[in-house]
Amino acid sequence: MEESLLQKITAFKEEVHKAVVGYDEIIEGLLIALISGGHVLIEGVPGIAKTLLAKSFAQALSLSFSRVQFTPDLVPSDITGTSIFDSKTGRFSFKEGPVFTNVLLADEINRAPPKVQSALLECMQEKRVTVDGNSHPLPEPFFVIATENPIEMEGVYPLPEAQVDRFMFKLIMKYPSRDEEKIMLSKYVSRDIPVVSPVLSSEDLMRIKELVGMVTMVPKVFDYILDIVDATRKDERVMLGASPRASLQIALASKARAMIKGRNYVSPSDVKAIVPHVLRHRIMLKPEAELEGVKVDNLVLELLDKTPIPKLV
Ligand SMILES: Nc1ncnc2c1ncn2[C@@H]1O[C@H](COP(=O)(O)OP(=O)(O)OP(=O)(O)O)[C@@H](O)[C@H]1O
Ligand SMILES: [Mg+2]
């Protein structure tokens with residue numbers, strides 16, 4: 001493994017931490033999803049630095065960033081862009097919407113109507129926008145961070161199962177610890193507002209992806225993933241278990257995690273760390289189980305505890 005690249009990855013995390021206190025696991029999750037070509041859903045209450053985190057993440061990678069606040073009156077073209085008629089030339093020209101960026105923060109995705117949500121999900125999948133028969137490719141990389149408020153409010157449009165499945169990870173942002181919050185206060189009451197500078201270049205990102213491609217995964221680890229996924233399908237509290245797409249996402253993200261941890265092979269610990277983020281938004285409980293207070297996160301941890309961990313020697 002290239003020592004200097006690993007050092008850069010460490011420096012990258014530190015750079016994001018110049019602005020954002022805590023949330024190590026979230027920053028790592030974003031990086032893993034980005035390098036494995038996935039997108040991320042973040043759940044968190046207002047005011048815990050979701051915007052700051054997404055923006056700092058993009059800045060430390062020298063990637064372009066834009067943010068869209070999803071609201072009930074949004075229409076698909078507010079996201080994708082529109083054709084504008086130019087009376088001088090007598091022609092239509094395309095005005096790019098906010099999706100034409102590297103990192104798009106889709107804030108409160110479940111406040112926009114389904115048509116707008118599916119327009120975004122189409123962009124995520126196809127990496128292009130088609131308007132009036134003309135196709136406009138999105139920049140590369142194109143990475144979506146969508147946020148959701150955990151408190152169900154009136155007038156929200158929950159994402160349908162088929163659509164949440166498009167997100168590689170769902171990450172949960174909890175309140176910071178008291179110590180972290182104190183550090184945040186001291187950082188932001190002073191006059192020098194932290195500035196985040198680019199640490200990883202697009203060449204670095206490409207090299208990281210190349211190295212991820214070389215990470216190996218032995219059949220025992222495939223079996224470990226399949227055992228976990230299978231357990232979600234067999235559990236009697238579960239109505240909808242994890243899909244084969246989920247298995248694949250676990251495998252891909254585990255490889256990326258192995259690389260950023262400086263290994264050239266996937267260890268079961270990678271799988272174990274990745275699984276909760278891939279499964280928490282994909283498993284649906286039976287109504288009875290929900291009434292009994294079963295929580296998907298706890299169920300996944302329980303299944304992980306029960307699944308024998310393979311020994312690689
Ligand atoms: N862990 C943290 N590290 C650094 N700053 C923080 C942290 N938590 C909160 N803040 C500060 O709180 C403010 C709010 O952050 P931000 O706007 O990013 O929150 P948000 O989660 O996007 O909120 P909203 O849901 O309302 O959009 C920022 O000024 C930020 O500096
Ligand atoms: Mg915000």
# chains A, B, ... in the order shown; residues from 1 in each chain; ligands from 1
>>> closest_atom_pairs(of="chain A", to="ligand 1", cutoff="9 Å", atoms="only C-alpha atoms and all ligand atoms", output="tab-separated table")
residue	atom	partner	partner_atom_place_in_ligand_line	distance
A:His17	CA	ligand 1	3 (N)	7.9
A:Lys18	CA	ligand 1	4 (C)	8.5
A:Ala19	CA	ligand 1	4 (C)	5.6
A:Val20	CA	ligand 1	3 (N)	3.7
A:Val21	CA	ligand 1	3 (N)	3.8
A:Gly22	CA	ligand 1	1 (N)	5.6
A:Tyr23	CA	ligand 1	1 (N)	7.0
A:Gly44	CA	ligand 1	21 (O)	7.0
A:Val45	CA	ligand 1	25 (O)	6.1
A:Pro46	CA	ligand 1	25 (O)	3.1
A:Gly47	CA	ligand 1	23 (O)	3.4
A:Ile48	CA	ligand 1	21 (O)	3.9
A:Ala49	CA	ligand 1	18 (O)	3.0
A:Lys50	CA	ligand 1	21 (O)	3.7
A:Thr51	CA	ligand 1	22 (O)	3.7
A:Leu52	CA	ligand 1	18 (O)	3.8
A:Leu53	CA	ligand 1	18 (O)	6.4
A:Ala54	CA	ligand 1	18 (O)	8.1
A:Lys55	CA	ligand 1	18 (O)	8.5
A:Gln69	CA	ligand 1	27 (O)	8.6
A:Asp107	CA	ligand 1	27 (O)	7.0
A:Glu108	CA	ligand 1	25 (O)	7.8
A:Thr147	CA	ligand 1	25 (O)	8.1
A:Glu148	CA	ligand 1	25 (O)	8.6
A:Asn149	CA	ligand 1	25 (O)	7.6
A:Met173	CA	ligand 1	21 (O)	8.9
A:Tyr175	CA	ligand 1	1 (N)	8.0
A:Pro176	CA	ligand 1	1 (N)	6.0
A:Ser177	CA	ligand 1	1 (N)	8.9
A:Glu180	CA	ligand 1	1 (N)	6.8
A:Glu181	CA	ligand 1	1 (N)	6.4
A:Ile183	CA	ligand 1	3 (N)	8.1
A:Met184	CA	ligand 1	4 (C)	5.1
A:Leu185	CA	ligand 1	5 (N)	7.8
A:Lys187	CA	ligand 1	4 (C)	7.8
A:Tyr188	CA	ligand 1	31 (O)	6.4
>>> select_by_dssp(residues="range 210-309 of chain A", states="strand (DSSP E or B)", output="JSON, numbers by chain")
{"A": [216, 238, 239, 240, 265, 284, 285]}
>>> residues_around(residues="range 238-252 of chain A", least_positions_apart="5", cutoff="7 Å", atoms="only C-alpha atoms", output="PDB file with N, CA and C atoms, in the first residue's frame")
ATOM      1  N   SER A  36     -16.562   4.199  -3.605  1.00  0.00           N
ATOM      2  CA  SER A  36     -17.178   3.008  -4.206  1.00  0.00           C
ATOM      3  C   SER A  36     -18.346   3.364  -5.114  1.00  0.00           C
ATOM      4  N   MET A 168     -26.370   3.836  -1.053  1.00  0.00           N
ATOM      5  CA  MET A 168     -25.475   2.806  -0.534  1.00  0.00           C
ATOM      6  C   MET A 168     -25.555   2.739   0.992  1.00  0.00           C
ATOM      7  N   ILE A 225     -20.793 -12.515   4.226  1.00  0.00           N
ATOM      8  CA  ILE A 225     -21.784 -11.519   3.796  1.00  0.00           C
ATOM      9  C   ILE A 225     -23.128 -12.206   3.533  1.00  0.00           C
ATOM     10  N   LEU A 226     -23.062 -13.344   2.831  1.00  0.00           N
ATOM     11  CA  LEU A 226     -24.304 -14.025   2.481  1.00  0.00           C
ATOM     12  C   LEU A 226     -25.011 -14.574   3.717  1.00  0.00           C
ATOM     13  N   VAL A 229     -26.816 -11.554   5.268  1.00  0.00           N
ATOM     14  CA  VAL A 229     -27.960 -11.152   4.455  1.00  0.00           C
ATOM     15  C   VAL A 229     -29.090 -12.174   4.572  1.00  0.00           C
ATOM     16  N   THR A 232     -31.180 -11.885   7.644  1.00  0.00           N
ATOM     17  CA  THR A 232     -32.228 -10.843   7.620  1.00  0.00           C
ATOM     18  C   THR A 232     -33.476 -11.353   6.904  1.00  0.00           C
ATOM     19  N   ARG A 233     -33.264 -12.240   5.927  1.00  0.00           N
ATOM     20  CA  ARG A 233     -34.426 -12.743   5.168  1.00  0.00           C
ATOM     21  C   ARG A 233     -35.199 -13.787   5.955  1.00  0.00           C
ATOM     22  N   VAL A 271     -16.474  -5.954   6.918  1.00  0.00           N
ATOM     23  CA  VAL A 271     -17.875  -6.295   6.652  1.00  0.00           C
ATOM     24  C   VAL A 271     -18.746  -5.903   7.849  1.00  0.00           C
ATOM     25  N   ILE A 274     -19.363  -2.221   8.040  1.00  0.00           N
ATOM     26  CA  ILE A 274     -20.149  -1.671   6.937  1.00  0.00           C
ATOM     27  C   ILE A 274     -21.634  -2.055   7.020  1.00  0.00           C
ATOM     28  N   VAL A 275     -21.880  -3.292   7.439  1.00  0.00           N
ATOM     29  CA  VAL A 275     -23.244  -3.845   7.384  1.00  0.00           C
ATOM     30  C   VAL A 275     -24.348  -2.934   7.968  1.00  0.00           C
ATOM     31  N   VAL A 278     -25.384  -0.233   5.522  1.00  0.00           N
ATOM     32  CA  VAL A 278     -26.010  -0.692   4.277  1.00  0.00           C
ATOM     33  C   VAL A 278     -27.415  -1.251   4.547  1.00  0.00           C
ATOM     34  N   LEU A 279     -27.601  -1.838   5.703  1.00  0.00           N
ATOM     35  CA  LEU A 279     -28.873  -2.526   5.939  1.00  0.00           C
ATOM     36  C   LEU A 279     -29.954  -1.712   6.635  1.00  0.00           C
ATOM     37  N   ARG A 282     -32.849  -0.646   4.561  1.00  0.00           N
ATOM     38  CA  ARG A 282     -33.380  -1.586   3.576  1.00  0.00           C
ATOM     39  C   ARG A 282     -34.270  -2.654   4.181  1.00  0.00           C
ATOM     40  N   ILE A 283     -34.180  -2.815   5.500  1.00  0.00           N
ATOM     41  CA  ILE A 283     -34.958  -3.874   6.129  1.00  0.00           C
ATOM     42  C   ILE A 283     -36.279  -3.300   6.629  1.00  0.00           C
ATOM     43  N   MET A 284     -37.371  -3.989   6.302  1.00  0.00           N
ATOM     44  CA  MET A 284     -38.670  -3.561   6.820  1.00  0.00           C
ATOM     45  C   MET A 284     -39.169  -4.578   7.823  1.00  0.00           C
ATOM     46  N   LEU A 285     -39.563  -4.073   8.976  1.00  0.00           N
ATOM     47  CA  LEU A 285     -40.064  -4.965  10.019  1.00  0.00           C
ATOM     48  C   LEU A 285     -41.535  -5.254   9.799  1.00  0.00           C
ATOM     49  N   LYS A 286     -41.980  -6.387  10.364  1.00  0.00           N
ATOM     50  CA  LYS A 286     -43.421  -6.659  10.354  1.00  0.00           C
ATOM     51  C   LYS A 286     -44.083  -5.680  11.322  1.00  0.00           C
TER      52      LYS A 286
END
>>> residues_around(residues="Val68 in chain A", least_positions_apart="6", cutoff="8 Å", atoms="only C-alpha atoms", output="JSON, numbers by chain")
{"A": [79, 98, 104, 105, 106, 107]}
>>> write_last_selection(atoms="C-alpha atoms", output="PDB file, in the first residue's frame")
ATOM      1  CA  ILE A  79     -32.986  20.239  -9.734  1.00  0.00           C
ATOM      2  CA  PRO A  98     -27.875  22.410  -9.268  1.00  0.00           C
ATOM      3  CA  LEU A 104     -24.845  17.645  -4.113  1.00  0.00           C
ATOM      4  CA  LEU A 105     -26.431  18.105  -0.712  1.00  0.00           C
ATOM      5  CA  ALA A 106     -30.137  17.343  -1.046  1.00  0.00           C
ATOM      6  CA  ASP A 107     -31.426  18.750   2.213  1.00  0.00           C
TER       7      ASP A 107
END
>>> closest_residue(among="A:Gln163, A:Ser201, A:Thr130, A:Thr89", to="Lys115 in chain A", atoms="only C-alpha atoms")
A:Gln163
>>> atom_distance(atom1="CA of Ile145 in chain A", atom2="CA of Asp165 in chain A")
14.1 Å
>>> residues_around(residues="Pro137 in chain A", least_positions_apart="4", cutoff="8 Å", atoms="only C-alpha atoms", output="PyMOL selection string")
chain A and resi 127-129
>>> write_last_selection(atoms="N, CA and C atoms", output="compact mmCIF listing (two decimals), in the first residue's frame")
# COMPACT_ATOMS: atom_id res chain seq x y z
N LYS A 127 -26.45 9.28 -14.09
CA LYS A 127 -25.35 10.23 -14.15
C LYS A 127 -25.47 11.16 -15.35
N ARG A 128 -26.70 11.42 -15.75
CA ARG A 128 -26.95 12.36 -16.83
C ARG A 128 -28.35 12.92 -16.72
N VAL A 129 -28.57 14.05 -17.39
CA VAL A 129 -29.89 14.66 -17.41
C VAL A 129 -30.34 14.71 -18.86
>>> closest_residue(among="A:Leu299, A:Leu30, A:Ile151, A:Leu74", to="Glu43 in chain A", atoms="only C-alpha atoms")
A:Ile151
>>> residues_around(residues="Glu288 in chain A", least_positions_apart="4", cutoff="10 Å", atoms="only C-alpha atoms", output="list of chain:residue names")
A:Arg237, A:Val238, A:Glu292, A:Gly293, A:Val294
>>> write_last_selection(atoms="C-alpha atoms", output="PDB file, in the first residue's frame")
ATOM      1  CA  ARG A 237     -39.625 -10.175  12.759  1.00  0.00           C
ATOM      2  CA  VAL A 238     -38.688  -9.064   9.261  1.00  0.00           C
ATOM      3  CA  GLU A 292     -43.372  -4.516  20.131  1.00  0.00           C
ATOM      4  CA  GLY A 293     -40.673  -1.856  19.864  1.00  0.00           C
ATOM      5  CA  VAL A 294     -38.143  -3.811  17.764  1.00  0.00           C
TER       6      VAL A 294
END
>>> closest_residue(among="A:Ser87, A:Glu25, A:Thr307, A:Ile42", to="Asp230 in chain A", atoms="only C-alpha atoms")
A:Thr307
>>> closest_residue(among="A:Ile84, A:Ile228, A:Ala162, A:Ala273", to="Leu303 in chain A", atoms="only C-alpha atoms")
A:Ile228
>>> atom_distance(atom1="CA of Ala11 in chain A", atom2="CA of Gly29 in chain A")
16.0 Å
>>> select_by_dssp(residues="range 130-208 of chain A", states="alpha helix (DSSP H)", output="NGL selection string")
:A and (161-164 or 178-189 or 202-208)
>>> write_last_selection(atoms="C-alpha atoms", output="JSON list (two decimals), in the first residue's frame")
[["chain", "number", "residue", "atom", "x", "y", "z"],
["A", 161, "GLU", "CA", -38.42, 1.33, -0.55],
["A", 162, "ALA", "CA", -37.26, 1.08, -4.15],
["A", 163, "GLN", "CA", -35.76, 4.54, -3.84],
["A", 164, "VAL", "CA", -34.01, 4.24, -0.49],
["A", 178, "ARG", "CA", -20.54, 17.26, 25.72],
["A", 179, "ASP", "CA", -16.76, 17.55, 25.23],
["A", 180, "GLU", "CA", -17.13, 17.77, 21.47],
["A", 181, "GLU", "CA", -19.81, 20.40, 21.76],
["A", 182, "LYS", "CA", -17.55, 22.41, 24.06],
["A", 183, "ILE", "CA", -14.71, 22.26, 21.52],
["A", 184, "MET", "CA", -17.17, 23.36, 18.83],
["A", 185, "LEU", "CA", -18.20, 26.35, 20.95],
["A", 186, "SER", "CA", -14.63, 27.46, 21.52],
["A", 187, "LYS", "CA", -13.87, 27.06, 17.80],
["A", 188, "TYR", "CA", -16.79, 29.12, 16.63],
["A", 189, "VAL", "CA", -16.94, 31.91, 19.17],
["A", 202, "SER", "CA", -8.89, 14.13, -8.29],
["A", 203, "GLU", "CA", -5.73, 12.18, -9.25],
["A", 204, "ASP", "CA", -5.51, 10.95, -5.65],
["A", 205, "LEU", "CA", -9.15, 9.88, -5.81],
["A", 206, "MET", "CA", -8.51, 7.99, -9.03],
["A", 207, "ARG", "CA", -5.47, 6.27, -7.54],
["A", 208, "ILE", "CA", -7.49, 5.34, -4.45]]
